[in-house]
$ cat run_34.txt   # compact mmCIF, C-alpha atoms
# COMPACT_ATOMS: atom_id res chain seq x y z
CA MET A 1 0.00 0.00 0.00
CA LYS A 2 1.30 3.46 -0.69
CA ASN A 3 1.59 6.46 1.53
CA ARG A 4 1.19 8.71 -1.51
CA ARG A 5 3.88 11.27 -2.03
CA MET A 6 2.67 14.84 -2.21
CA PRO A 7 4.54 18.15 -2.54
CA VAL A 8 5.07 20.08 0.65
CA ARG A 9 3.14 23.36 0.80
CA ARG A 10 3.18 25.82 3.58
CA ALA A 11 -0.19 26.50 5.13
CA ALA A 12 -0.97 29.89 6.66
CA LEU A 13 0.30 30.08 10.20
CA PHE A 14 -2.32 29.51 12.87
CA GLY A 15 -1.74 30.61 16.46
CA ALA A 16 1.30 32.13 18.09
CA ALA A 17 4.45 30.28 19.05
CA ALA A 18 4.69 29.03 22.60
CA THR A 19 6.12 31.46 25.11
CA ALA A 20 7.71 30.88 28.50
CA LEU A 21 5.60 28.65 30.72
CA MET A 22 4.31 29.68 34.16
CA ALA A 23 4.21 27.00 36.85
CA ALA A 24 1.23 27.30 39.16
CA THR A 25 2.33 24.55 41.53
CA LEU A 26 5.70 22.94 42.03
CA ALA A 27 6.70 19.59 43.50
CA PRO A 28 10.10 18.78 45.06
CA GLN A 29 12.16 16.34 43.08
CA PRO A 30 12.89 13.14 45.02
CA ALA A 31 16.34 11.64 44.92
CA SER A 32 17.04 8.72 42.62
CA ALA A 33 17.78 5.33 44.08
CA SER A 34 21.44 4.37 43.79
CA PRO A 35 21.84 1.26 41.62
CA THR A 36 24.40 -1.33 42.57
CA ARG A 37 25.27 -1.89 38.92
CA ALA A 38 24.81 -0.02 35.68
CA PRO A 39 21.43 -0.59 34.00
CA ASN A 40 21.39 -2.41 30.68
CA PRO A 41 21.35 -0.27 27.49
CA VAL A 42 18.21 -1.09 25.50
CA SER A 43 16.35 0.15 22.43
CA ALA A 44 13.13 2.11 22.79
CA ALA A 45 11.12 -0.95 21.73
CA GLU A 46 12.91 -3.13 24.28
CA ALA A 47 12.35 -0.47 26.93
CA ALA A 48 8.61 -0.41 26.20
CA HIS A 49 8.37 -4.20 26.62
CA LEU A 50 10.44 -4.13 29.81
CA ALA A 51 8.38 -1.26 31.23
CA SER A 52 5.17 -3.21 30.62
CA ALA A 53 6.56 -6.32 32.29
CA LEU A 54 7.83 -4.40 35.34
CA SER A 55 4.55 -2.50 35.69
CA ALA A 56 2.66 -5.79 35.84
CA LYS A 57 5.13 -7.26 38.33
CA LEU A 58 5.34 -4.24 40.64
CA LYS A 59 1.64 -3.36 40.38
CA GLY A 60 0.91 -0.43 42.72
CA ALA A 61 4.54 -0.01 43.74
CA ALA A 62 5.47 1.54 40.37
CA ALA A 63 4.49 5.01 39.19
CA GLY A 64 5.37 5.25 35.51
CA SER A 65 8.58 4.96 33.53
CA TYR A 66 10.48 6.65 30.74
CA TYR A 67 13.26 5.99 28.26
CA ASP A 68 16.51 7.94 28.54
CA ALA A 69 17.51 8.15 24.87
CA GLN A 70 21.00 9.48 25.65
CA THR A 71 21.99 6.63 27.96
CA ARG A 72 19.63 4.11 26.30
CA ARG A 73 18.25 3.09 29.68
CA LEU A 74 14.76 2.54 31.05
CA VAL A 75 14.02 4.55 34.20
CA VAL A 76 11.20 3.23 36.41
CA ASN A 77 9.55 5.26 39.18
CA VAL A 78 9.10 3.25 42.39
CA LEU A 79 7.81 3.94 45.89
CA ASP A 80 10.12 1.79 48.03
CA ASN A 81 13.59 0.26 48.15
CA GLY A 82 12.34 -3.29 47.66
CA SER A 83 10.75 -2.34 44.35
CA ALA A 84 13.95 -0.48 43.43
CA ASN A 85 15.89 -3.72 43.85
CA THR A 86 13.42 -5.52 41.58
CA VAL A 87 13.92 -2.87 38.91
CA ARG A 88 17.70 -3.13 39.16
CA GLY A 89 17.52 -6.88 38.90
CA ALA A 90 15.58 -6.53 35.64
CA GLY A 91 18.31 -4.31 34.16
CA ALA A 92 16.52 -0.96 34.48
CA GLU A 93 17.23 2.13 36.59
CA PRO A 94 14.93 2.80 39.59
CA LYS A 95 13.94 6.26 40.76
CA LEU A 96 12.28 6.77 44.16
CA VAL A 97 9.25 9.08 43.87
CA HIS A 98 6.55 10.49 46.10
CA ASN A 99 3.31 10.29 44.08
CA SER A 100 1.86 6.81 43.52
CA GLN A 101 0.22 5.74 40.27
CA ALA A 102 -3.08 5.39 42.11
CA ARG A 103 -2.87 9.00 43.23
CA LEU A 104 -1.99 10.26 39.74
CA ASP A 105 -4.87 8.24 38.26
CA ALA A 106 -7.26 9.75 40.83
CA ASP A 107 -5.99 13.24 39.99
CA ARG A 108 -6.52 12.55 36.27
CA LYS A 109 -10.10 11.48 36.95
CA ALA A 110 -10.69 14.60 39.01
CA LEU A 111 -9.37 16.81 36.21
CA SER A 112 -11.62 15.12 33.67
CA THR A 113 -14.62 15.70 35.93
CA ARG A 114 -13.83 19.22 37.12
CA ALA A 115 -11.49 20.83 34.59
CA ALA A 116 -12.44 19.79 31.03
CA ILE A 117 -12.11 23.37 29.77
CA PRO A 118 -11.62 23.84 26.00
CA GLY A 119 -8.04 24.92 25.37
CA THR A 120 -6.53 22.75 28.09
CA ALA A 121 -4.55 19.52 28.02
CA TRP A 122 -2.93 17.30 30.62
CA VAL A 123 -0.48 14.45 30.57
CA GLU A 124 1.35 12.38 33.14
CA ASP A 125 5.07 13.19 33.00
CA PRO A 126 7.00 10.40 34.75
CA ARG A 127 10.18 12.48 34.63
CA VAL A 128 8.70 14.83 37.25
CA ASN A 129 6.15 12.39 38.76
CA GLN A 130 3.28 14.79 38.13
CA LEU A 131 0.30 15.49 35.91
CA VAL A 132 1.23 18.55 33.87
CA VAL A 133 -1.77 20.69 32.87
CA THR A 134 -1.36 23.23 30.06
CA ALA A 135 -3.79 26.08 29.35
CA ASP A 136 -3.61 27.70 25.93
CA ARG A 137 -4.25 31.34 24.98
CA THR A 138 -8.00 30.77 24.50
CA VAL A 139 -8.51 29.95 28.19
CA SER A 140 -9.97 33.01 29.90
CA ASP A 141 -8.42 34.54 33.02
CA GLU A 142 -11.46 33.38 34.97
CA ASN A 143 -11.05 29.79 33.80
CA LEU A 144 -7.29 29.92 34.43
CA VAL A 145 -7.98 30.90 38.04
CA LYS A 146 -10.47 28.04 38.29
CA LEU A 147 -7.97 25.61 36.78
CA THR A 148 -5.23 26.73 39.15
CA GLU A 149 -7.50 26.38 42.18
CA ILE A 150 -8.48 22.86 41.14
CA ALA A 151 -4.83 21.91 40.69
CA ARG A 152 -3.90 23.29 44.11
CA SER A 153 -6.75 21.40 45.74
CA LEU A 154 -5.29 18.16 44.33
CA GLY A 155 -1.87 18.80 45.87
CA ASP A 156 1.65 18.38 44.55
CA GLY A 157 0.73 15.72 42.00
CA VAL A 158 -0.58 18.38 39.57
CA THR A 159 1.10 21.45 38.10
CA VAL A 160 -0.39 24.08 35.75
CA ARG A 161 1.39 25.82 32.90
CA ARG A 162 0.29 28.49 30.44
CA THR A 163 1.15 28.71 26.74
CA ALA A 164 0.52 31.60 24.34
CA ALA A 165 -0.23 29.14 21.52
CA GLU A 166 -3.59 27.44 20.82
CA PHE A 167 -4.51 23.75 20.79
CA ARG A 168 -6.34 22.89 17.56
CA PRO A 169 -6.86 19.98 15.20
CA LEU A 170 -4.38 20.43 12.35
CA ILE A 171 -6.75 20.35 9.39
CA ALA A 172 -6.52 22.88 6.53
CA GLY A 173 -6.94 23.57 2.84
CA GLY A 174 -3.93 22.65 0.71
CA ASP A 175 -2.50 19.52 -0.94
CA ALA A 176 -2.05 15.83 0.08
CA ILE A 177 -5.21 13.76 0.57
CA TRP A 178 -8.00 16.05 -0.52
CA GLY A 179 -11.69 16.42 0.15
CA SER A 180 -14.01 19.06 -1.19
CA SER A 181 -13.61 21.21 1.91
CA ALA A 182 -10.35 20.18 3.56
CA ARG A 183 -7.05 18.41 3.22
CA CYS A 184 -5.18 16.18 5.61
CA SER A 185 -2.26 13.75 5.47
CA LEU A 186 -2.37 10.02 4.92
CA GLY A 187 -1.23 8.10 7.99
CA PHE A 188 -0.50 4.41 7.45
CA ASN A 189 -1.68 1.97 4.83
CA VAL A 190 -3.39 -1.05 6.33
CA LEU A 191 -5.26 -4.20 5.43
CA LYS A 192 -8.72 -5.20 6.61
CA GLY A 193 -10.19 -8.46 5.42
CA GLY A 194 -7.45 -8.56 2.79
CA GLN A 195 -8.62 -5.24 1.30
CA PRO A 196 -6.57 -2.00 1.13
CA TYR A 197 -7.37 0.90 3.46
CA PHE A 198 -5.46 3.70 5.12
CA LEU A 199 -5.65 5.35 8.53
CA THR A 200 -5.91 9.09 9.07
CA ALA A 201 -7.26 11.40 11.79
CA GLY A 202 -10.87 11.04 12.89
CA HIS A 203 -11.56 14.76 12.56
CA CYS A 204 -10.44 14.45 8.93
CA GLY A 205 -12.79 11.51 8.36
CA ASN A 206 -15.66 13.47 9.90
CA ALA A 207 -15.01 16.38 7.52
CA VAL A 208 -14.48 14.40 4.29
CA THR A 209 -16.25 11.37 2.81
CA SER A 210 -14.59 11.24 -0.65
CA TRP A 211 -10.80 11.58 -1.04
CA SER A 212 -8.49 12.31 -3.96
CA ASP A 213 -4.71 12.57 -4.20
CA VAL A 214 -4.71 15.97 -5.95
CA GLN A 215 -6.93 18.99 -5.50
CA GLY A 216 -10.11 18.52 -7.51
CA GLY A 217 -8.93 15.10 -8.71
CA GLU A 218 -10.75 11.81 -9.21
CA GLN A 219 -11.83 9.89 -6.14
CA ILE A 220 -9.33 7.32 -4.89
CA ALA A 221 -10.87 6.44 -1.52
CA THR A 222 -13.92 6.92 0.71
CA THR A 223 -14.20 7.22 4.49
CA ALA A 224 -15.44 3.94 5.94
CA ALA A 225 -15.49 4.97 9.62
CA ALA A 226 -14.37 7.90 11.78
CA THR A 227 -14.30 8.68 15.50
CA PHE A 228 -13.80 12.19 16.91
CA PRO A 229 -13.85 13.42 19.63
CA ALA A 230 -13.13 10.86 22.43
CA HIS A 231 -10.60 9.31 20.02
CA ASP A 232 -9.15 10.66 16.77
CA TYR A 233 -8.89 7.97 14.10
CA ALA A 234 -10.54 7.20 10.77
CA LEU A 235 -10.45 4.25 8.37
CA VAL A 236 -10.52 5.07 4.65
CA GLN A 237 -11.05 2.43 1.93
CA TYR A 238 -9.30 2.66 -1.43
CA THR A 239 -11.72 2.70 -4.36
CA ALA A 240 -9.16 3.19 -7.15
CA ASN A 241 -6.33 0.97 -8.37
CA VAL A 242 -3.46 3.10 -7.09
CA PRO A 243 -0.13 1.91 -5.61
CA HIS A 244 -0.16 1.73 -1.80
CA PRO A 245 2.90 0.10 -0.24
CA SER A 246 3.31 0.02 3.55
CA ALA A 247 5.72 2.96 3.72
CA VAL A 248 6.05 6.57 4.87
CA ASP A 249 7.07 9.42 2.57
CA LEU A 250 10.28 11.08 3.84
CA TYR A 251 9.90 14.05 1.45
CA GLY A 252 13.11 14.17 -0.54
CA ALA A 253 14.83 11.33 1.31
CA GLY A 254 12.94 8.39 -0.17
CA THR A 255 10.48 6.32 1.83
CA ARG A 256 10.57 4.40 5.10
CA PRO A 257 9.06 0.88 5.02
CA ILE A 258 6.63 0.29 7.88
CA THR A 259 6.45 -3.31 9.10
CA ALA A 260 4.79 -3.15 12.52
CA ALA A 261 2.83 -1.05 15.00
CA ALA A 262 3.63 -0.58 18.68
CA ASP A 263 2.95 1.61 21.69
CA ALA A 264 5.27 4.56 22.25
CA ILE A 265 7.29 5.15 25.43
CA THR A 266 8.08 8.49 27.06
CA GLY A 267 11.54 9.67 25.96
CA GLU A 268 11.50 7.76 22.66
CA ALA A 269 13.03 9.51 19.64
CA VAL A 270 10.41 9.77 16.88
CA GLN A 271 9.71 11.27 13.45
CA ARG A 272 6.56 12.72 11.93
CA SER A 273 5.70 13.13 8.26
CA GLY A 274 3.04 15.50 6.98
CA SER A 275 1.91 17.17 3.77
CA THR A 276 2.39 20.73 5.03
CA THR A 277 5.76 20.57 6.73
CA GLY A 278 7.39 17.32 5.58
CA VAL A 279 9.46 15.35 8.08
CA HIS A 280 10.31 16.56 11.58
CA SER A 281 11.90 14.84 14.55
CA GLY A 282 11.57 15.02 18.33
CA HIS A 283 10.74 12.95 21.39
CA VAL A 284 7.72 11.54 23.15
CA THR A 285 7.13 13.74 26.21
CA GLY A 286 4.15 11.93 27.72
CA LEU A 287 1.53 9.21 27.26
CA ASN A 288 -2.21 8.93 27.92
CA ALA A 289 -2.63 12.67 27.41
CA THR A 290 -6.04 14.36 27.43
CA VAL A 291 -6.62 17.27 25.01
CA ASN A 292 -9.72 19.46 25.35
CA TYR A 293 -10.31 20.84 21.83
CA SER A 294 -13.21 23.18 21.23
CA GLU A 295 -14.91 20.24 19.47
CA GLY A 296 -14.57 18.01 22.54
CA SER A 297 -12.08 16.01 24.60
CA VAL A 298 -9.75 13.33 23.25
CA ASP A 299 -8.09 10.87 25.65
CA GLY A 300 -5.19 8.44 25.50
CA MET A 301 -2.98 10.58 23.28
CA ILE A 302 0.80 10.54 22.73
CA GLN A 303 2.30 13.95 23.57
CA THR A 304 5.50 15.03 21.77
CA ASP A 305 7.73 18.05 21.21
CA VAL A 306 7.59 17.47 17.43
CA CYS A 307 6.19 20.45 15.54
CA ALA A 308 3.25 20.29 13.13
CA GLU A 309 0.97 22.70 11.25
CA PRO A 310 -2.51 22.71 9.69
CA GLY A 311 -2.75 20.07 6.96
CA ASP A 312 -0.41 17.67 8.78
CA SER A 313 -3.44 16.08 10.51
CA GLY A 314 -3.64 12.32 10.10
CA GLY A 315 0.03 11.99 9.15
CA PRO A 316 2.26 9.26 10.59
CA LEU A 317 4.34 9.27 13.77
CA PHE A 318 6.95 6.52 13.60
CA ASP A 319 10.21 5.16 14.99
CA GLY A 320 12.17 3.41 12.27
CA ALA A 321 9.91 0.80 10.70
CA THR A 322 7.37 0.95 13.55
CA ALA A 323 4.08 2.86 13.33
CA LEU A 324 3.26 4.72 16.55
CA GLY A 325 0.64 7.42 16.00
CA LEU A 326 -1.59 9.58 13.81
CA THR A 327 -1.24 13.37 13.97
CA SER A 328 -4.23 14.85 15.81
CA GLY A 329 -3.49 18.45 16.79
CA GLY A 330 -1.36 20.71 18.91
CA SER A 331 0.05 24.20 19.26
CA GLY A 332 2.84 26.30 17.80
CA ASP A 333 4.43 25.82 14.38
CA CYS A 334 7.59 24.55 12.70
CA PHE A 335 9.35 27.93 12.78
CA MET A 336 9.23 28.52 16.52
CA GLY A 337 8.49 24.95 17.63
CA GLY A 338 5.43 23.49 19.24
CA GLN A 339 3.68 20.60 20.93
CA THR A 340 1.77 17.94 19.01
CA PHE A 341 -0.59 15.15 20.10
CA PHE A 342 -0.99 11.82 18.30
CA GLN A 343 -3.63 9.11 18.32
CA PRO A 344 -1.89 5.78 19.11
CA VAL A 345 -1.98 3.47 16.08
CA PRO A 346 -2.44 0.14 17.96
CA GLN A 347 -5.72 1.47 19.38
CA ALA A 348 -6.97 2.43 15.90
CA LEU A 349 -5.98 -0.95 14.44
CA GLN A 350 -7.82 -2.76 17.22
CA ALA A 351 -10.93 -0.60 16.81
CA TYR A 352 -11.15 -1.38 13.09
CA GLY A 353 -9.84 -4.94 13.03
CA ALA A 354 -7.04 -3.88 10.69
CA GLN A 355 -3.32 -4.55 10.44
CA ILE A 356 -0.26 -2.80 9.07
CA GLY A 357 0.46 -4.06 5.56
CA GLY A 358 0.57 -3.40 1.87
$ encode --input "run_34.txt" --output "structure tokens"
Amino acid sequence: MKNRRMPVRRAALFGAAATALMAATLAPQPASASPTRAPNPVSAAEAAHLASALSAKLKGAAAGSYYDAQTRRLVVNVLDNGSANTVRGAGAEPKLVHNSQARLDADRKALSTRAAIPGTAWVEDPRVNQLVVTADRTVSDENLVKLTEIARSLGDGVTVRRTAAEFRPLIAGGDAIWGSSARCSLGFNVLKGGQPYFLTAGHCGNAVTSWSDVQGGEQIATTAAATFPAHDYALVQYTANVPHPSAVDLYGAGTRPITAAADAITGEAVQRSGSTTGVHSGHVTGLNATVNYSEGSVDGMIQTDVCAEPGDSGGPLFDGATALGLTSGGSGDCFMGGQTFFQPVPQALQAYGAQIGG
């Protein structure tokens, strides 16, 4: 299946670049446990598997983990020395923290109930053992005060930051995969029941039913299903005999074959491809993020420091040959930098009964 190659066009800039962030609450940083031996260097994929195994083994004694890309080590947050020894024995690096996973989960639930204000987002950041809440420029002063008061009432497990940018789905007019009223970017080509489809963002699928690969061109695919908000994925079925290998367009640097899909891990080095801005790189900065767009809330997102702009929606987030996410939305731009959220691909594949393939 083919991730069709389109020329990169610059869309008009939307929103202002992010400015300095203001912390509303701060938590002291606990000291790291001292390992008796150096942790094993691992790949991001190996770290994700190890993190999952340790989380299941430690249960409530663990409070998140992240991948240190520089040292190639998995860091696991723990609440006691016994759990730290278990982590060391598995070849990872333990870090003693204050906030338990149960507490962070309870804080997340409280935020969803009390603070689902359009223009806000929150994500658990295991590097600081907190839920980090961000309010964009559309959040009124009154709502910012409300948000800050809610965060303070929850204690040191939640911190609030302000950005001068605006969270928005990254849909726009332009080139790439085209509908009559919008354009987006193709995510990953997949198979369902042996038939060719591709994944893109759900807000794109809601906006467009018939797709072409050039503006005003003949139909090549139709939207089969779309979910947005709550999640942000869509399944589009090819209706024309066009090439569609399982690959990502690297815009001037060939293509990247995609052979599998997996969950991301905080700290993982990633790339994103999109029809507006081409290929950009960065890192995963958080998982299970909640974004409150004006259209509604989306949960379970991958948060990154990779930039994106309108028209990049639906495009692929990947690490080597592994599919990770679909571009949903974010803030900032690719001149000044920004923050972008992605719908995890494994969740979309499961929802539609599809698989990576060409």
$ atom_distance --input "run_34.txt" --atom1 "CA of Ala269 (chain A)" --atom2 "CA of Gly60 (chain A)"
27.9 Å
$ closest_residue --input "run_34.txt" --among "A:Ala135, A:Ala348, A:Ala84, A:Ala47" --to "Ala165 (chain A)" --atoms "all atoms listed in the file"
A:Ala135
$ residues_around --input "run_34.txt" --residues "region 309-323 of chain A" --least-positions-apart "3" --cutoff "6 Å" --atoms "all atoms listed in the file" --output "list in words"
Leu170, Ile171, Ala172, Arg183, Cys184, Ser185, Leu186, Gly187, Thr200, Ala201, Pro257, Ile258, Thr259, Ala260, Ala261, Val270, Gln271, Arg272, Ser273, Gly274, Ser275, Thr276, Leu326, Thr327, Ser328 and Asp333 of chain A
$ closest_residue --input "run_34.txt" --among "A:Pro346, A:Gly205, A:Gly329, A:Gly357" --to "Arg168 (chain A)" --atoms "all atoms listed in the file"
A:Gly329
$ atom_distance --input "run_34.txt" --atom1 "CA of Tyr233 (chain A)" --atom2 "CA of Gln355 (chain A)"
14.2 Å
$ residues_around --input "run_34.txt" --residues "Thr227 (chain A)" --least-positions-apart "2" --cutoff "10 Å" --atoms "only C-alpha atoms" --output "list of chain:residue names"
A:Ala201, A:Gly202, A:His203, A:Cys204, A:Gly205, A:Asn206, A:Ala225, A:Pro229, A:Ala230, A:His231, A:Asp232, A:Tyr233, A:Ala234, A:Leu235, A:Ala348, A:Ala351
$ residues_near_point --input "run_34.txt" --point "(-6.1, 21.5, 37.3)" --cutoff "10 Å" --atoms "only C-alpha atoms" --output "JSON, numbers by chain"
{"A": [24, 25, 107, 108, 110, 111, 112, 114, 115, 116, 117, 120, 121, 122, 131, 132, 133, 134, 135, 144, 145, 146, 147, 148, 149, 150, 151, 152, 153, 154, 155, 158, 159, 160, 161]}
$ write_last_selection --input "run_34.txt" --atoms "C-alpha atoms" --output "PDB file, keeping the file's coordinate frame"
ATOM      1  CA  ALA A  24       1.230  27.300  39.160  1.00  0.00           C
ATOM      2  CA  THR A  25       2.330  24.550  41.530  1.00  0.00           C
ATOM      3  CA  ASP A 107      -5.990  13.240  39.990  1.00  0.00           C
ATOM      4  CA  ARG A 108      -6.520  12.550  36.270  1.00  0.00           C
ATOM      5  CA  ALA A 110     -10.690  14.600  39.010  1.00  0.00           C
ATOM      6  CA  LEU A 111      -9.370  16.810  36.210  1.00  0.00           C
ATOM      7  CA  SER A 112     -11.620  15.120  33.670  1.00  0.00           C
ATOM      8  CA  ARG A 114     -13.830  19.220  37.120  1.00  0.00           C
ATOM      9  CA  ALA A 115     -11.490  20.830  34.590  1.00  0.00           C
ATOM     10  CA  ALA A 116     -12.440  19.790  31.030  1.00  0.00           C
ATOM     11  CA  ILE A 117     -12.110  23.370  29.770  1.00  0.00           C
ATOM     12  CA  THR A 120      -6.530  22.750  28.090  1.00  0.00           C
ATOM     13  CA  ALA A 121      -4.550  19.520  28.020  1.00  0.00           C
ATOM     14  CA  TRP A 122      -2.930  17.300  30.620  1.00  0.00           C
ATOM     15  CA  LEU A 131       0.300  15.490  35.910  1.00  0.00           C
ATOM     16  CA  VAL A 132       1.230  18.550  33.870  1.00  0.00           C
ATOM     17  CA  VAL A 133      -1.770  20.690  32.870  1.00  0.00           C
ATOM     18  CA  THR A 134      -1.360  23.230  30.060  1.00  0.00           C
ATOM     19  CA  ALA A 135      -3.790  26.080  29.350  1.00  0.00           C
ATOM     20  CA  LEU A 144      -7.290  29.920  34.430  1.00  0.00           C
ATOM     21  CA  VAL A 145      -7.980  30.900  38.040  1.00  0.00           C
ATOM     22  CA  LYS A 146     -10.470  28.040  38.290  1.00  0.00           C
ATOM     23  CA  LEU A 147      -7.970  25.610  36.780  1.00  0.00           C
ATOM     24  CA  THR A 148      -5.230  26.730  39.150  1.00  0.00           C
ATOM     25  CA  GLU A 149      -7.500  26.380  42.180  1.00  0.00           C
ATOM     26  CA  ILE A 150      -8.480  22.860  41.140  1.00  0.00           C
ATOM     27  CA  ALA A 151      -4.830  21.910  40.690  1.00  0.00           C
ATOM     28  CA  ARG A 152      -3.900  23.290  44.110  1.00  0.00           C
ATOM     29  CA  SER A 153      -6.750  21.400  45.740  1.00  0.00           C
ATOM     30  CA  LEU A 154      -5.290  18.160  44.330  1.00  0.00           C
ATOM     31  CA  GLY A 155      -1.870  18.800  45.870  1.00  0.00           C
ATOM     32  CA  VAL A 158      -0.580  18.380  39.570  1.00  0.00           C
ATOM     33  CA  THR A 159       1.100  21.450  38.100  1.00  0.00           C
ATOM     34  CA  VAL A 160      -0.390  24.080  35.750  1.00  0.00           C
ATOM     35  CA  ARG A 161       1.390  25.820  32.900  1.00  0.00           C
TER      36      ARG A 161
END
$ atom_distance --input "run_34.txt" --atom1 "CA of Gly217 (chain A)" --atom2 "CA of Phe198 (chain A)"
18.3 Å
$ closest_atom_pairs --input "run_34.txt" --of "region 100-206 of chain A" --to "region 245-250 of chain A" --cutoff "8 Å" --atoms "all atoms listed in the file" --output "JSON lines"
{"residue": "A:Phe188", "atom": "CA", "partner": "A:Ser246", "partner_atom": "CA", "distance": 7.0}
{"residue": "A:Asn189", "atom": "CA", "partner": "A:Ser246", "partner_atom": "CA", "distance": 5.5}
{"residue": "A:Val190", "atom": "CA", "partner": "A:Ser246", "partner_atom": "CA", "distance": 7.3}
$ closest_residue --input "run_34.txt" --among "A:Gly91, A:Ala48, A:Pro39, A:Asp141" --to "Ala264 (chain A)" --atoms "only C-alpha atoms"
A:Ala48
$ closest_residue --input "run_34.txt" --among "A:Asp305, A:Asp80, A:Asp125, A:Asp105" --to "Ala62 (chain A)" --atoms "only C-alpha atoms"
A:Asp80
$ residues_around --input "run_34.txt" --residues "Lys192 (chain A)" --least-positions-apart "3" --cutoff "12 Å" --atoms "all atoms listed in the file" --output "JSON, numbers by chain"
{"A": [189, 195, 196, 197, 198, 199, 224, 235, 236, 237, 238, 349, 350, 351, 352, 353, 354, 355, 356, 357, 358]}
$ build_atoms --input "run_34.txt" --residues "region 202-216 of chain A" --atoms "N, CA, C and O atoms" --output "CSV table (one decimal), keeping the file's coordinate frame"
chain,number,residue,atom,x,y,z
A,202,GLY,N,-9.4,11.1,12.9
A,202,GLY,CA,-10.9,11.0,12.9
A,202,GLY,C,-11.5,12.4,12.5
A,202,GLY,O,-12.6,12.4,11.9
A,203,HIS,N,-10.9,13.5,12.9
A,203,HIS,CA,-11.6,14.8,12.6
A,203,HIS,C,-11.5,15.0,11.1
A,203,HIS,O,-12.3,15.7,10.5
A,204,CYS,N,-10.5,14.4,10.4
A,204,CYS,CA,-10.4,14.4,8.9
A,204,CYS,C,-11.6,13.6,8.3
A,204,CYS,O,-12.2,14.0,7.4
A,205,GLY,N,-11.7,12.4,8.9
A,205,GLY,CA,-12.8,11.5,8.4
A,205,GLY,C,-14.2,12.1,8.6
A,205,GLY,O,-15.1,11.9,7.7
A,206,ASN,N,-14.4,12.8,9.7
A,206,ASN,CA,-15.7,13.5,9.9
A,206,ASN,C,-15.9,14.6,8.9
A,206,ASN,O,-17.1,14.8,8.5
A,207,ALA,N,-14.9,15.2,8.4
A,207,ALA,CA,-15.0,16.4,7.5
A,207,ALA,C,-15.1,16.0,6.1
A,207,ALA,O,-15.7,16.7,5.2
A,208,VAL,N,-14.6,14.8,5.7
A,208,VAL,CA,-14.5,14.4,4.3
A,208,VAL,C,-15.0,13.0,4.1
A,208,VAL,O,-14.6,12.1,4.9
A,209,THR,N,-15.8,12.7,3.1
A,209,THR,CA,-16.2,11.4,2.8
A,209,THR,C,-15.6,10.8,1.6
A,209,THR,O,-15.4,9.6,1.5
A,210,SER,N,-15.2,11.7,0.6
A,210,SER,CA,-14.6,11.2,-0.6
A,210,SER,C,-13.2,11.9,-0.8
A,210,SER,O,-13.1,13.1,-0.7
A,211,TRP,N,-12.2,11.1,-1.0
A,211,TRP,CA,-10.8,11.6,-1.0
A,211,TRP,C,-10.2,11.4,-2.4
A,211,TRP,O,-10.4,10.5,-3.1
A,212,SER,N,-9.3,12.4,-2.8
A,212,SER,CA,-8.5,12.3,-4.0
A,212,SER,C,-7.1,12.6,-3.6
A,212,SER,O,-6.8,13.1,-2.5
A,213,ASP,N,-6.1,12.3,-4.5
A,213,ASP,CA,-4.7,12.6,-4.2
A,213,ASP,C,-4.2,13.9,-4.8
A,213,ASP,O,-3.0,14.2,-4.6
A,214,VAL,N,-5.0,14.6,-5.5
A,214,VAL,CA,-4.7,16.0,-6.0
A,214,VAL,C,-6.0,16.8,-5.8
A,214,VAL,O,-7.1,16.3,-5.8
A,215,GLN,N,-5.8,18.1,-5.7
A,215,GLN,CA,-6.9,19.0,-5.5
A,215,GLN,C,-7.9,18.9,-6.7
A,215,GLN,O,-7.4,19.1,-7.8
A,216,GLY,N,-9.1,18.6,-6.4
A,216,GLY,CA,-10.1,18.5,-7.5
A,216,GLY,C,-10.0,17.3,-8.4
A,216,GLY,O,-10.6,17.2,-9.4
